[in-house]
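J.: Sharing run-v2.txt, compact mmCIF, C-alpha atoms:
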```txt
# COMPACT_ATOMS: atom_id res chain seq x y z
CA THR A 1 74.43 98.65 107.49
CA ILE A 2 78.14 99.36 107.32
CA ALA A 3 78.73 95.93 105.84
CA GLN A 4 76.45 96.83 102.93
CA ARG A 5 78.09 100.22 102.38
CA ILE A 6 81.69 99.13 102.13
CA GLU A 7 83.51 96.03 100.95
CA ARG A 8 85.68 94.90 103.88
CA ARG A 9 88.38 92.64 102.45
CA TRP A 10 90.27 92.90 105.72
CA LEU A 11 87.49 91.11 107.60
CA MET A 12 88.26 87.83 105.82
CA ASP A 13 90.18 85.09 107.60
CA ASP A 14 93.36 86.52 109.17
CA PHE A 15 92.75 89.80 107.27
CA SER A 16 94.17 88.08 104.19
CA GLY A 17 92.46 90.45 101.73
CA ALA A 18 92.28 87.60 99.25
CA GLY A 19 88.61 87.49 98.32
CA SER A 20 86.05 84.84 99.27
CA SER A 21 86.79 82.01 101.68
CA GLU A 22 86.09 79.50 98.87
CA GLN A 23 88.71 81.16 96.71
CA ASN A 24 91.13 81.16 99.64
CA GLU A 25 90.73 77.40 99.99
CA MET A 26 91.37 76.92 96.26
CA ASP A 27 94.44 79.12 96.42
CA GLU A 28 95.83 77.31 99.43
CA ASP A 29 95.58 73.98 97.60
CA GLN A 30 98.18 75.35 95.19
CA THR A 31 100.43 77.43 97.43
CA SER A 32 100.77 78.19 101.11
CA ARG A 33 99.45 81.57 102.18
CA HIS A 34 102.83 82.91 103.23
CA ASP A 35 104.18 82.37 99.69
CA LYS A 36 101.77 84.91 98.20
CA TRP A 37 102.99 88.39 97.39
CA PRO A 38 100.75 90.86 99.27
CA GLU A 39 98.08 92.88 97.51
CA LEU A 40 97.05 96.43 98.38
CA ALA A 41 93.30 96.99 98.64
CA PRO A 42 92.11 100.15 96.84
CA GLU A 43 90.69 101.59 100.08
CA ALA A 44 94.29 102.33 101.14
CA LEU A 45 94.55 104.92 98.35
CA HIS A 46 92.09 107.25 100.04
CA GLY A 47 92.28 111.01 99.83
CA LEU A 48 95.41 113.10 99.43
CA ALA A 49 97.75 110.16 100.04
CA GLY A 50 96.04 108.26 97.25
CA ASP A 51 96.24 111.27 94.95
CA PHE A 52 100.00 111.44 95.56
CA VAL A 53 100.38 107.80 94.53
CA ARG A 54 98.15 108.23 91.48
CA ILE A 55 100.21 111.19 90.27
CA TYR A 56 103.68 109.86 91.05
CA GLY A 57 103.06 106.14 90.51
CA PRO A 58 102.84 106.13 86.70
CA ASN A 59 106.04 108.21 86.54
CA SER A 60 108.16 106.10 88.85
CA GLU A 61 109.55 102.59 88.95
CA ALA A 62 108.90 102.58 92.70
CA ASP A 63 106.31 100.31 94.25
CA PRO A 64 103.07 102.27 94.90
CA VAL A 65 103.07 100.89 98.45
CA ALA A 66 106.51 102.39 99.05
CA LEU A 67 105.29 105.77 97.82
CA LEU A 68 102.14 105.58 99.95
CA ASP A 69 103.72 104.46 103.20
CA GLN A 70 106.65 106.85 103.11
CA PHE A 71 104.34 109.73 102.23
CA LEU A 72 102.21 109.00 105.29
CA ILE A 73 105.24 108.68 107.56
CA ALA A 74 106.75 111.95 106.33
CA PHE A 75 103.43 113.73 106.84
CA GLY A 76 103.07 112.22 110.31
CA ASN A 77 106.47 113.59 111.27
CA ALA A 78 106.03 117.00 109.70
CA ILE A 79 102.85 117.73 111.69
CA GLY A 80 104.48 117.08 115.06
CA ARG A 81 103.05 115.40 118.14
CA GLY A 82 99.96 117.56 118.65
CA PRO A 83 97.35 115.26 117.03
CA HIS A 84 96.93 112.06 119.06
CA PHE A 85 94.49 109.44 120.23
CA VAL A 86 94.14 107.79 123.61
CA ALA A 87 93.81 104.04 124.14
CA GLU A 88 93.14 103.34 127.80
CA ALA A 89 96.12 104.94 129.58
CA ASP A 90 98.31 105.17 126.48
CA HIS A 91 98.82 108.41 124.56
CA HIS A 92 99.57 107.76 120.87
CA SER A 93 100.97 110.39 118.56
CA VAL A 94 100.97 109.75 114.81
CA ASN A 95 104.66 109.01 114.33
CA LEU A 96 105.29 105.73 112.53
CA PHE A 97 108.23 103.40 111.98
CA ALA A 98 108.39 101.32 108.80
CA CYS A 99 110.83 99.11 106.98
CA LEU A 100 110.56 98.50 103.24
CA VAL A 101 111.64 94.96 102.44
CA GLY A 102 112.72 94.08 98.91
CA GLU A 103 113.60 90.68 97.52
CA THR A 104 116.81 92.24 96.22
CA SER A 105 118.58 95.59 96.26
CA LYS A 106 116.72 96.43 93.01
CA GLY A 107 113.43 97.17 94.74
CA LYS A 108 113.61 100.92 93.99
CA LYS A 109 113.16 101.71 97.69
CA GLY A 110 115.39 104.77 97.52
CA SER A 111 113.72 106.32 94.50
CA SER A 112 110.32 106.13 96.21
CA LEU A 113 111.69 108.03 99.21
CA GLY A 114 113.33 110.60 96.94
CA HIS A 115 109.95 111.56 95.49
CA VAL A 116 108.51 112.01 98.98
CA GLN A 117 111.43 114.07 100.26
CA ARG A 118 111.45 116.43 97.26
CA LEU A 119 107.74 117.07 97.67
CA PHE A 120 107.99 117.75 101.41
CA GLN A 121 110.90 120.07 100.79
CA MET A 122 108.40 122.23 98.91
CA VAL A 123 105.97 121.94 101.84
CA ASP A 124 108.34 122.69 104.74
CA GLU A 125 111.89 123.62 103.80
CA GLU A 126 113.01 123.99 107.42
CA TRP A 127 111.78 120.50 108.28
CA SER A 128 113.55 119.10 105.23
CA LYS A 129 116.80 120.87 106.17
CA ASP A 130 116.86 120.42 109.94
CA CYS A 131 114.77 117.36 110.80
CA VAL A 132 115.87 114.69 108.32
CA HIS A 133 118.64 112.47 109.69
CA SER A 134 120.48 109.23 108.99
CA GLY A 135 123.17 107.18 110.68
CA LEU A 136 121.43 105.29 113.48
CA SER A 137 124.25 103.74 115.50
CA SER A 138 123.36 104.26 119.15
CA GLY A 139 120.57 105.38 121.42
CA GLU A 140 122.68 108.32 122.52
CA GLY A 141 123.02 109.42 118.90
CA LEU A 142 119.27 109.34 118.35
CA ILE A 143 118.68 111.38 121.52
CA TRP A 144 121.26 113.90 120.36
CA CYS A 145 119.13 114.72 117.30
CA VAL A 146 116.30 115.98 119.54
CA ARG A 147 118.18 116.80 122.75
CA ASP A 148 117.12 119.32 125.35
CA GLU A 149 119.47 122.08 126.38
CA ILE A 150 122.30 120.75 128.53
CA LYS A 151 123.23 122.48 131.75
CA LYS A 152 126.18 121.97 134.00
CA LYS A 153 126.84 123.10 137.53
CA GLU A 154 130.01 125.11 137.86
CA PRO A 155 131.57 126.45 141.04
CA VAL A 156 131.52 130.14 141.86
CA LYS A 157 134.80 131.15 143.42
CA THR A 158 135.68 134.15 145.51
CA LYS A 159 139.40 134.69 145.97
CA GLY A 160 140.00 131.12 144.92
CA ILE A 161 137.46 129.68 147.34
CA VAL A 162 134.23 127.97 146.16
CA THR A 163 131.37 129.97 147.64
CA ASP A 164 128.47 128.75 145.52
CA TYR A 165 127.44 126.84 142.42
CA GLN A 166 125.63 128.07 139.31
CA GLU A 167 124.04 126.35 136.33
CA VAL A 168 125.63 127.13 133.00
CA ILE A 169 124.15 126.17 129.61
CA ILE A 170 126.84 124.25 127.77
CA ASP A 171 124.62 123.22 124.81
CA PRO A 172 121.48 125.06 123.61
CA GLY A 173 119.79 121.82 122.54
CA ILE A 174 117.30 121.40 119.70
CA SER A 175 114.08 123.38 119.82
CA ASP A 176 112.38 121.41 117.01
CA LYS A 177 111.76 117.94 118.39
CA ARG A 178 110.76 116.40 115.07
CA ALA A 179 113.19 113.83 113.64
CA PHE A 180 112.62 111.96 110.39
CA VAL A 181 115.26 109.24 110.38
CA VAL A 182 116.09 107.44 107.13
CA GLU A 183 118.27 104.33 107.03
CA SER A 184 118.82 103.02 103.52
CA GLU A 185 120.99 100.21 104.95
CA PHE A 186 118.79 99.02 107.80
CA ALA A 187 120.78 95.80 108.07
CA LEU A 188 123.58 97.87 109.60
CA VAL A 189 121.18 99.11 112.29
CA LEU A 190 120.18 95.55 113.18
CA ARG A 191 123.83 94.51 113.37
CA VAL A 192 124.69 97.46 115.60
CA MET A 193 121.86 96.61 117.98
CA ALA A 194 123.30 93.13 118.47
CA ARG A 195 126.41 94.55 120.14
CA ASP A 196 126.64 94.22 123.88
CA GLY A 197 125.69 97.40 125.70
CA ASN A 198 124.15 99.13 122.69
CA THR A 199 121.14 101.18 123.78
CA LEU A 200 119.59 101.78 120.36
CA SER A 201 116.81 99.19 120.57
CA ALA A 202 115.50 100.46 123.90
CA ILE A 203 115.61 104.11 122.79
CA ILE A 204 113.81 103.31 119.52
CA ARG A 205 111.06 101.50 121.43
CA ASN A 206 110.59 104.47 123.76
CA ALA A 207 110.59 106.86 120.79
CA TRP A 208 107.68 104.98 119.17
CA ASP A 209 105.86 105.12 122.51
CA CYS A 210 106.28 108.94 122.55
CA LYS A 211 108.20 108.78 125.84
CA ASP A 212 110.91 111.15 126.99
CA LEU A 213 114.30 109.78 126.04
CA LYS A 214 117.38 109.40 128.19
CA THR A 215 120.01 106.83 129.03
CA MET A 216 121.42 105.71 132.33
CA THR A 217 124.95 106.22 131.09
CA LYS A 218 126.98 108.44 133.40
CA ASN A 219 128.90 110.08 130.57
CA SER A 220 125.83 110.83 128.44
CA PRO A 221 123.99 113.79 129.98
CA ALA A 222 121.71 114.40 126.98
CA LYS A 223 117.99 113.75 127.25
CA ALA A 224 115.01 114.61 125.08
CA THR A 225 111.57 115.58 126.31
CA LYS A 226 108.51 115.26 124.07
CA PRO A 227 110.38 113.97 121.00
CA HIS A 228 108.54 113.21 117.78
CA ILE A 229 110.56 110.62 115.91
CA SER A 230 109.69 108.69 112.75
CA ILE A 231 111.90 106.05 111.15
CA ILE A 232 112.08 104.59 107.65
CA GLY A 233 114.40 101.68 106.92
CA HIS A 234 115.26 99.85 103.70
CA ILE A 235 116.47 96.25 103.71
CA THR A 236 116.43 93.07 101.64
CA ARG A 237 114.49 90.05 102.81
CA ASP A 238 117.60 87.92 103.21
CA GLU A 239 119.29 90.57 105.34
CA LEU A 240 116.23 90.97 107.52
CA LEU A 241 115.92 87.25 108.23
CA ARG A 242 119.64 87.05 108.91
CA TYR A 243 119.95 89.96 111.33
CA LEU A 244 116.59 90.33 113.09
CA ASP A 245 117.20 88.12 116.08
CA ASN A 246 114.96 86.58 118.73
CA THR A 247 115.64 89.31 121.26
CA GLU A 248 114.41 92.14 119.05
CA CYS A 249 111.29 90.16 118.16
CA GLY A 250 110.55 89.27 121.74
CA ASN A 251 111.20 92.67 123.32
CA GLY A 252 108.78 94.60 121.11
CA PHE A 253 111.25 96.26 118.76
CA ALA A 254 109.95 94.43 115.68
CA ASN A 255 106.26 95.07 116.28
CA ARG A 256 106.78 98.81 116.46
CA PHE A 257 107.66 98.73 112.75
CA LEU A 258 105.41 98.31 109.74
CA TRP A 259 107.01 95.70 107.47
CA LEU A 260 106.14 96.17 103.81
CA CYS A 261 107.13 94.06 100.81
CA VAL A 262 108.14 96.25 97.88
CA LYS A 263 109.47 95.65 94.40
CA ARG A 264 110.05 97.60 91.21
CA SER A 265 106.65 98.27 89.70
CA LYS A 266 107.68 98.93 86.12
CA VAL A 267 110.65 99.62 83.88
CA LEU A 268 111.10 103.22 82.70
CA PRO A 269 114.36 103.44 80.72
CA GLU A 270 113.85 107.17 80.17
CA GLY A 271 112.57 107.81 83.69
CA GLY A 272 109.32 109.53 84.51
CA GLU A 273 108.31 113.15 84.46
CA ILE A 274 105.92 114.87 86.85
CA SER A 275 104.61 118.28 85.91
CA GLU A 276 105.46 121.30 88.04
CA SER A 277 101.77 122.14 88.30
CA ASP A 278 100.97 118.70 89.77
CA MET A 279 103.79 119.00 92.30
CA SER A 280 102.80 122.54 93.23
CA SER A 281 99.15 121.56 93.67
CA LEU A 282 100.06 118.60 95.89
CA ALA A 283 102.45 120.71 97.93
CA THR A 284 99.75 123.32 98.51
CA ARG A 285 97.27 120.70 99.71
CA ILE A 286 99.82 119.04 101.97
CA ARG A 287 100.83 122.39 103.46
CA GLU A 288 97.17 123.09 104.22
CA ALA A 289 96.86 119.70 105.92
CA VAL A 290 100.02 120.31 107.96
CA GLU A 291 98.76 123.69 109.13
CA PHE A 292 95.35 122.23 109.98
CA SER A 293 96.96 119.42 111.97
CA HIS A 294 98.69 121.96 114.19
CA THR A 295 95.22 122.92 115.50
CA VAL A 296 94.20 119.35 116.38
CA GLY A 297 94.61 117.65 119.75
CA GLU A 298 92.89 114.42 120.75
CA MET A 299 91.21 112.58 117.89
CA ARG A 300 88.13 110.36 118.21
CA ARG A 301 86.11 108.00 116.02
CA ASP A 302 82.60 108.85 114.89
CA GLY A 303 79.68 106.43 115.27
CA GLU A 304 80.21 104.45 112.06
CA ALA A 305 83.96 104.21 112.62
CA ARG A 306 83.32 102.96 116.17
CA GLU A 307 80.99 100.30 114.80
CA LEU A 308 83.63 99.08 112.37
CA TRP A 309 86.29 99.24 115.09
CA ASN A 310 84.16 97.05 117.35
CA GLU A 311 83.91 94.50 114.54
CA VAL A 312 87.63 94.28 113.77
CA TYR A 313 89.16 94.88 117.21
CA ALA A 314 89.02 91.28 118.41
CA LYS A 315 90.69 90.06 115.23
CA LEU A 316 93.37 92.74 115.37
CA SER A 317 94.19 92.05 119.00
CA GLU A 318 94.18 88.28 118.62
CA GLY A 319 97.64 86.85 119.23
CA LYS A 320 99.27 84.75 116.53
CA PRO A 321 102.03 82.19 117.05
CA GLY A 322 105.66 82.37 116.10
CA LEU A 323 107.73 85.15 114.67
CA LEU A 324 104.75 86.44 112.64
CA GLY A 325 102.77 86.96 115.82
CA ALA A 326 105.68 88.80 117.42
CA VAL A 327 106.08 91.30 114.57
CA ILE A 328 102.38 92.18 114.20
CA ALA A 329 101.47 92.27 117.88
CA ARG A 330 100.72 96.02 117.89
CA ALA A 331 98.11 95.84 115.13
CA GLU A 332 95.47 97.91 116.96
CA ALA A 333 97.76 100.88 117.63
CA GLN A 334 99.31 100.77 114.16
CA VAL A 335 95.88 100.80 112.49
CA MET A 336 94.75 103.77 114.58
CA ARG A 337 97.89 105.77 113.81
CA LEU A 338 97.38 105.15 110.11
CA ALA A 339 93.69 106.06 110.35
CA CYS A 340 94.57 109.33 112.10
CA LEU A 341 96.93 110.31 109.27
CA TYR A 342 94.27 109.69 106.62
CA THR A 343 91.88 111.74 108.76
CA LEU A 344 94.20 114.72 109.08
CA LEU A 345 94.94 114.70 105.35
CA ASP A 346 91.19 115.15 104.90
CA LEU A 347 91.32 118.21 107.20
CA SER A 348 89.18 116.47 109.80
CA PRO A 349 89.70 116.00 113.55
CA ILE A 350 87.15 113.14 113.60
CA ILE A 351 88.06 109.67 112.34
CA ARG A 352 85.34 108.58 109.93
CA LEU A 353 84.52 105.24 108.39
CA GLU A 354 86.59 105.84 105.26
CA HIS A 355 89.66 106.81 107.31
CA LEU A 356 89.55 103.71 109.47
CA SER A 357 88.89 101.61 106.36
CA ALA A 358 91.99 103.07 104.71
CA GLY A 359 94.11 102.38 107.78
CA LEU A 360 92.85 98.80 107.93
CA ALA A 361 93.56 98.28 104.25
CA LEU A 362 97.17 99.45 104.55
CA TRP A 363 97.67 97.43 107.74
CA ASN A 364 96.26 94.43 105.89
CA TYR A 365 99.08 94.84 103.38
CA CYS A 366 101.60 95.05 106.23
CA GLU A 367 100.26 91.84 107.77
CA GLN A 368 100.36 90.05 104.43
CA SER A 369 103.93 91.31 104.01
CA ALA A 370 104.94 90.02 107.43
CA ARG A 371 103.42 86.65 106.57
CA TYR A 372 105.32 86.58 103.27
CA ILE A 373 108.60 87.60 104.91
CA PHE A 374 108.51 85.57 108.10
CA GLY A 375 106.17 82.73 107.11
CA GLU A 376 105.65 80.21 109.88
CA SER A 377 109.00 80.86 111.55
CA LEU A 378 108.98 80.75 115.33
CA GLY A 379 112.02 82.97 115.66
CA ASP A 380 113.73 80.07 117.44
CA PRO A 381 116.55 78.87 115.13
CA LEU A 382 116.70 75.33 116.52
CA ALA A 383 112.91 74.84 116.54
CA ASP A 384 112.65 76.30 113.03
CA GLU A 385 115.34 73.97 111.75
CA ILE A 386 113.69 70.93 113.35
CA LYS A 387 110.39 71.87 111.73
CA ARG A 388 112.08 72.17 108.31
CA VAL A 389 113.70 68.75 108.77
CA LEU A 390 110.44 67.10 109.83
CA ASP A 391 108.54 68.73 106.95
CA ASP A 392 110.93 66.85 104.64
CA ALA A 393 110.50 63.57 106.52
CA PRO A 394 107.08 61.98 105.78
CA ASP A 395 107.97 58.96 107.93
CA GLY A 396 108.89 61.13 110.89
CA MET A 397 112.08 61.04 112.93
CA THR A 398 113.15 59.91 116.37
CA GLN A 399 115.19 62.09 118.67
CA THR A 400 118.19 59.94 117.75
CA ASP A 401 117.56 60.73 114.06
CA LEU A 402 117.42 64.42 114.89
CA ASN A 403 120.57 64.16 116.96
CA ASN A 404 122.33 62.59 113.99
CA HIS A 405 121.01 65.34 111.70
CA PHE A 406 122.65 67.96 113.89
CA LYS A 407 125.79 65.80 114.08
CA ARG A 408 125.39 65.65 117.85
CA HIS A 409 126.08 69.37 118.14
CA ARG A 410 122.89 69.80 120.17
CA THR A 411 122.28 68.36 123.59
CA ALA A 412 119.30 66.15 124.38
CA GLU A 413 117.94 68.97 126.56
CA GLN A 414 118.18 71.49 123.70
CA LEU A 415 116.39 69.16 121.29
CA ALA A 416 113.70 68.35 123.84
CA ARG A 417 113.10 72.05 124.55
CA ALA A 418 112.75 72.89 120.85
CA LEU A 419 110.48 69.91 120.23
CA ASN A 420 108.25 70.92 123.13
CA VAL A 421 107.96 74.42 121.64
CA LEU A 422 106.83 72.93 118.32
CA ILE A 423 104.43 70.50 120.01
CA ALA A 424 102.88 73.32 122.05
CA ARG A 425 102.28 75.27 118.81
CA GLY A 426 100.64 72.27 117.14
CA MET A 427 103.37 72.17 114.50
CA VAL A 428 104.81 68.80 115.55
CA PHE A 429 103.19 65.67 116.99
CA LYS A 430 104.81 62.74 118.76
CA VAL A 431 103.72 59.14 118.36
CA ALA A 432 104.73 56.26 120.62
CA GLU A 433 105.94 53.17 118.76
CA LYS A 434 106.28 49.76 120.35
CA THR A 435 109.60 48.01 119.82
CA THR A 436 111.20 44.86 121.19
CA GLY A 437 112.79 47.04 123.82
CA ARG A 438 111.72 50.38 125.20
CA THR A 439 108.87 52.31 123.58
CA SER A 440 110.23 54.62 120.90
CA ILE A 441 108.94 58.15 120.28
CA ARG A 442 108.69 59.32 116.67
CA TYR A 443 108.04 62.95 115.77
CA PHE A 444 105.99 64.08 112.75
CA SER A 445 105.41 67.52 111.32
CA ALA A 446 101.74 68.54 111.42
CA GLN A 447 101.30 68.13 107.66
CA HIS A 448 102.48 64.50 107.69
CA TYR A 449 100.71 63.64 110.92
CA ARG A 450 97.37 64.78 109.52
CA ALA A 451 98.06 62.99 106.25
CA ASN A 452 98.47 59.74 108.18
```
Show how you would write the structure in this file as structure tokens.

T.:
Amino acid sequence: TIAQRIERRWLMDDFSGAGSSEQNEMDEDQTSRHDKWPELAPEALHGLAGDFVRIYGPNSEADPVALLDQFLIAFGNAIGRGPHFVAEADHHSVNLFACLVGETSKGKKGSSLGHVQRLFQMVDEEWSKDCVHSGLSSGEGLIWCVRDEIKKKEPVKTKGIVTDYQEVIIDPGISDKRAFVVESEFALVLRVMARDGNTLSAIIRNAWDCKDLKTMTKNSPAKATKPHISIIGHITRDELLRYLDNTECGNGFANRFLWLCVKRSKVLPEGGEISESDMSSLATRIREAVEFSHTVGEMRRDGEARELWNEVYAKLSEGKPGLLGAVIARAEAQVMRLACLYTLLDLSPIIRLEHLSAGLALWNYCEQSARYIFGESLGDPLADEIKRVLDDAPDGMTQTDLNNHFKRHRTAEQLARALNVLIARGMVFKVAEKTTGRTSIRYFSAQHYRAN
């Protein structure tokens, strides 16, 4: 059976990738799951992408995950939107969005991208020169990178009288619809999106969905048909938690990104050195994969991959509560896009077991990363704060206690709404207490309620 042929770490509880369930229970006695730094399963280092990491990894301080993910995203952009898979009525190309999240600015996120960009410059110099962009500040700006030709109607005059109208091309547009967008300061993007009237979030969501792009703004005539946009962002964990607000989590912006924890993997005071022959060999293989991908249209799973997909699909599509659930809600589509990239790097149009396994393994790392970054946060600042307060109050608190904690800066209605959110999630329980007067309600966090 498939289960006997391949070790499926990602089929453990919540795709934790942490070994046996007994070991998980032992680990969770010592530390909560969201405090664990994620681990990359070896299946993610399949094929040409894995070879790239094995060659560059020992010669770079960059996190191997950063090398792997950015390599796949660059490849997915370079090949264009021809290869795709269909899920019900949705057409998915293989463009990906990802954000590398470091604990500090010393995560070597930029150096990992530099290795990828130099290699792909050898593969496709025109792509490297014309399709790599930065400076995300508005939806209109992103459209402009891949805009269609712009026409304008101008009057035709005869002896000063308008007798007709003709279309005149005022901008030739961009023929190459590939755009590889790099934002080394992704916090600035999140801050820009928070401004009233900014269209960037909506345009980014449509770009991931492979939709034609346009705005409803009267003074912005540019539009883009059949764009192929990939985005890589770099940010620290503190910045991400500060600037990623409820709206962007709730509207689907966050779950279109892969969130990956990265850190410096080693210290190389003298730097690393990669031989010209290794780089040339990798570039040749990548170029072959790019050219092959141009011949591929719709991609499908073979029998064994379908069997594995049927096993994991329910778990992937299962909703999870809170902010974590919001940022990983597109697990199925993300896994399939990753699997397609591994498949194309193997010069295959058919997704096999090993390709889907690789995609699941990398997604597993992304889910672990999201858990580490966002923990049990609900994405509701008031509810999250109440939960933190109750976690530190073994004897529970009344609504009056909570009101005093917030120095009466929250209304009774606001507190009640947030408490109801926590109660509905099973994170807080309320207990009626008899007093000499009216019955009092005391609220306990789940950990203290169960302890009692």

J.: Could you tell me how far atom CA of A:Val65 lies from atom CA of A:Leu96, in Å and to one decimal?

T.: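 So the two atoms, atom CA of A:Val65 and atom CA of A:Leu96, lie 15.1 Å apart.
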
J.: From the set A:Asp384, A:Asp51, A:Asp212, A:Asp90, which residue has the shortest atom-to-atom contact distance to A:Leu323, counting all atoms listed in the file?

T.: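 Ranked by minimum distance to A:Leu323, first place goes to A:Asp384.
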
J.: Rank nothing, just name the residue among A:Ser377, A:Ser265, A:Thr104, A:Ser369 nearest to A:Ala62, using all atoms listed in the file.

T.: A:Ser265

J.: Could you pull the residues within 12 Å of stretch 399-406 of chain A, counting all atoms listed in the file, minus those fewer than 6 positions along the same chain, as a list in words?

T.: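 In the requested format, the answer is Leu382, Ala383, Glu385, Ile386, Lys387, Arg388, Val389, Leu390, Ala393, Ala412, Glu413, Gln414, Leu415, Ala416, Arg417, Ala418, Leu419, Lys430, Val431, Ser440, Ile441, Arg442, Tyr443 and Phe444 of chain A.
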
J.: So that I can check the surroundings of A:Gly375, please list as a PDB file with C-alpha atoms, keeping the file's coordinate frame every protein, DNA and RNA residue that reaches within 8 Å of it, counting only C-alpha atoms and ignoring chain neighbours fewer than 3 positions away.

T.:
```pdb
ATOM      1  CA  HIS A  34     102.830  82.910 103.230  1.00  0.00           C
ATOM      2  CA  ASP A  35     104.180  82.370  99.690  1.00  0.00           C
ATOM      3  CA  LEU A 324     104.750  86.440 112.640  1.00  0.00           C
ATOM      4  CA  ALA A 370     104.940  90.020 107.430  1.00  0.00           C
ATOM      5  CA  ARG A 371     103.420  86.650 106.570  1.00  0.00           C
ATOM      6  CA  TYR A 372     105.320  86.580 103.270  1.00  0.00           C
TER       7      TYR A 372
END
```

J.: So, with only C-alpha atoms as the atoms that count, which of A:Leu45, A:Cys261, A:Ala224, A:Ala87 lies closest to A:Asn206?

T.: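 Closest to A:Asn206, using only C-alpha atoms: A:Ala224.
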
J.: What is the atom CA of A:Ser175 to atom CA of A:Gly82 distance in Å?

T.: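 Calculated distance between atom CA of A:Ser175 and atom CA of A:Gly82 is 15.3 Å.
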
J.: Just how far from atom CA of A:Lys263 is atom CA of A:Arg178, in Å to one decimal?

T.: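 It comes out at 29.3 Å.
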
J.: Near A:Ala283, within 12 Å and counting all atoms listed in the file, which residues show up once chain neighbours fewer than 5 positions away are dropped, as a list in words?

T.: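 The filter keeps Leu48, Ala49, Asp51, Phe52, Phe71, Phe75, Val116, Gln117, Arg118, Leu119, Phe120, Gln121, Met122, Val123, Asp124, Glu125, Glu276, Ser277, Asp278, Glu288, Ala289 and Val290 of chain A.
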
J.: Can you list, as number ranges by chain, every protein, DNA or RNA residue that comes within 10 Å of A:Glu367 when you count all atoms listed in the file, leaving out same-chain residues fewer than 2 positions away?

T.: A: 14-17, 38, 258-260, 324-325, 327-328, 331, 361-365, 369-373

J.: Just want the 8 Å neighbourhood of A:Val182, counted on all atoms listed in the file, with same-chain residues fewer than 5 positions away dropped. Output as a ChimeraX atom specification.

T.: /A:132-135,231-233

J.: Report the closest atom pair, with its distance in Å rounded to one decimal, for each residue of stretch 335-373 of chain A that has an atom no farther than 7 Å from stretch 304-317 of chain A; count only C-alpha atoms, sort by chain and then rising residue number, and write it as JSON lines.

T.:
```
{"residue": "A:Ile351", "atom": "CA", "partner": "A:Ala305", "partner_atom": "CA", "distance": 6.8}
{"residue": "A:Arg352", "atom": "CA", "partner": "A:Ala305", "partner_atom": "CA", "distance": 5.3}
{"residue": "A:Leu353", "atom": "CA", "partner": "A:Ala305", "partner_atom": "CA", "distance": 4.4}
{"residue": "A:Leu356", "atom": "CA", "partner": "A:Ala305", "partner_atom": "CA", "distance": 6.4}
```

J.: Using only C-alpha atoms, which of the listed residues (A:Met193, A:Leu72, A:Ala179, A:Met336) sits closest to A:Asp245?

T.: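 Between A:Met193, A:Leu72, A:Ala179, A:Met336, the residue approaching A:Asp245 most closely is A:Met193.
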
J.: Restricting the calculation to all atoms listed in the file, which member of A:Leu68, A:Ala254, A:Val262, A:Ile170 is positioned closest to A:Leu190?

T.: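 Between A:Leu68, A:Ala254, A:Val262, A:Ile170, the residue approaching A:Leu190 most closely is A:Ala254.
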
J.: Show me the residues around (111.3, 111.0, 124.7) - criterion: an atom at most 9 Å away, all atoms listed in the file counted - as an MDAnalysis selection string.

T.: chainID A and resid 143 146 203 206:214 223:229

J.: Measuring atom to atom with only C-alpha atoms, identify which of A:His409, A:His234, A:Arg285, A:Arg205 is nearest to A:Gly139.

T.: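 Selected residue with least distance to A:Gly139: A:Arg205.
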
J.: Name the residues, using the chain letters and numbers of the file, that sit within 10 Å of (94.2, 119.8, 120.6) when counting only C-alpha atoms, and give them as a list of chain:residue names.

T.: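 Protein and nucleic acid residues near the point are A:Gly82, A:Pro83, A:His84, A:Ser293, A:His294, A:Thr295, A:Val296, A:Gly297, A:Glu298, A:Met299, A:Pro349.
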